[in-house]
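Engineer: Here you go, one structure.
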Amino acid sequence: MIPCVAIISLSALLNLVLQTAFNPMRRLEPAYAAALLALNIVELAGLLFFTGGLQNPFSFLFSLPS
């Protein structure tokens, strides 16, 4: 449970930091958008790892971002 809460907390903190760092009215550069997508995939992989892997009923979400 602790690793999952840590991943979610770090993600929330990073989202707050990025909201203040970037103007929400402008589009992100493709490199930044790709980095955020990669980070989301890593976060989901970490959460799936700690909650049962592919036996987790939400593992189908892993294929949605791509």
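For the structure tokens, the naming scheme is as follows: chains receive sequential letters (A, B, ...) according to their order of presentation, residues are indexed from 1 within each chain, and ligands are indexed from 1 in presentation order.
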Could you give me, as a list of chain:residue names, the residues within 12 Å of stretch 32-41 of chain A, counting only C-alpha atoms and dropping anything in the same chain fewer than 6 positions from it?
Structural biologist: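 Final neighbour list, sorted by chain and number: A:Ile7, A:Ile8, A:Leu10, A:Ser11, A:Ala12, A:Leu14, A:Asn15, A:Leu18, A:Phe22, A:Leu47, A:Leu48, A:Ser59, A:Leu61, A:Phe62, A:Ser63, A:Leu64, A:Pro65, A:Ser66.
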Engineer: Show me, as number ranges by chain, the residues that have an atom within 9 Å of A:Phe50 when counting only C-alpha atoms, minus same-chain residues fewer than 5 positions from it.
Structural biologist: A: 1, 3-4, 45
Engineer: Now that the selection is made, can you save its residues with N, CA, C and O atoms as a PDB file, in the first residue's frame?
Structural biologist:
```pdb
ATOM      1  N   MET A   1       0.823  -1.191   0.000  1.00  0.00           N
ATOM      2  CA  MET A   1       0.000   0.000   0.000  1.00  0.00           C
ATOM      3  C   MET A   1       0.871   1.261   0.000  1.00  0.00           C
ATOM      4  O   MET A   1       0.558   2.216  -0.698  1.00  0.00           O
ATOM      5  N   PRO A   3       3.944   1.831  -1.282  1.00  0.00           N
ATOM      6  CA  PRO A   3       4.498   2.221  -2.582  1.00  0.00           C
ATOM      7  C   PRO A   3       3.454   2.849  -3.514  1.00  0.00           C
ATOM      8  O   PRO A   3       3.754   3.792  -4.238  1.00  0.00           O
ATOM      9  N   CYS A   4       2.225   2.360  -3.466  1.00  0.00           N
ATOM     10  CA  CYS A   4       1.168   2.924  -4.313  1.00  0.00           C
ATOM     11  C   CYS A   4       0.845   4.353  -3.900  1.00  0.00           C
ATOM     12  O   CYS A   4       0.692   5.235  -4.754  1.00  0.00           O
ATOM     13  N   ALA A  45       2.617   1.661 -14.867  1.00  0.00           N
ATOM     14  CA  ALA A  45       3.354   0.400 -14.749  1.00  0.00           C
ATOM     15  C   ALA A  45       3.727   0.126 -13.297  1.00  0.00           C
ATOM     16  O   ALA A  45       3.615  -1.011 -12.821  1.00  0.00           O
TER      17      ALA A  45
END
```
Engineer: As a VMD selection string, please: every residue in stretch 28-66 of chain A that DSSP puts in alpha helix (DSSP H).
Structural biologist: chain A and resid 30 to 50
Engineer: Using only C-alpha atoms, find the one residue out of A:Thr20, A:Met25, A:Phe60, A:Ala6 that sits nearest to A:Glu43.
Structural biologist: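 When distances to A:Glu43 are compared using only C-alpha atoms, the smallest one comes from A:Ala6.
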Engineer: Please measure the separation of atom CA of A:Asn23 and atom CA of A:Val5, giving the value in Å to one decimal.
Structural biologist: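 Interatomic distance here is 28.0 Å.
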Engineer: Interatomic distance between atom CA of A:Gly52 and atom CA of A:Leu13?
Structural biologist: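 Calculated distance between atom CA of A:Gly52 and atom CA of A:Leu13 is 25.0 Å.
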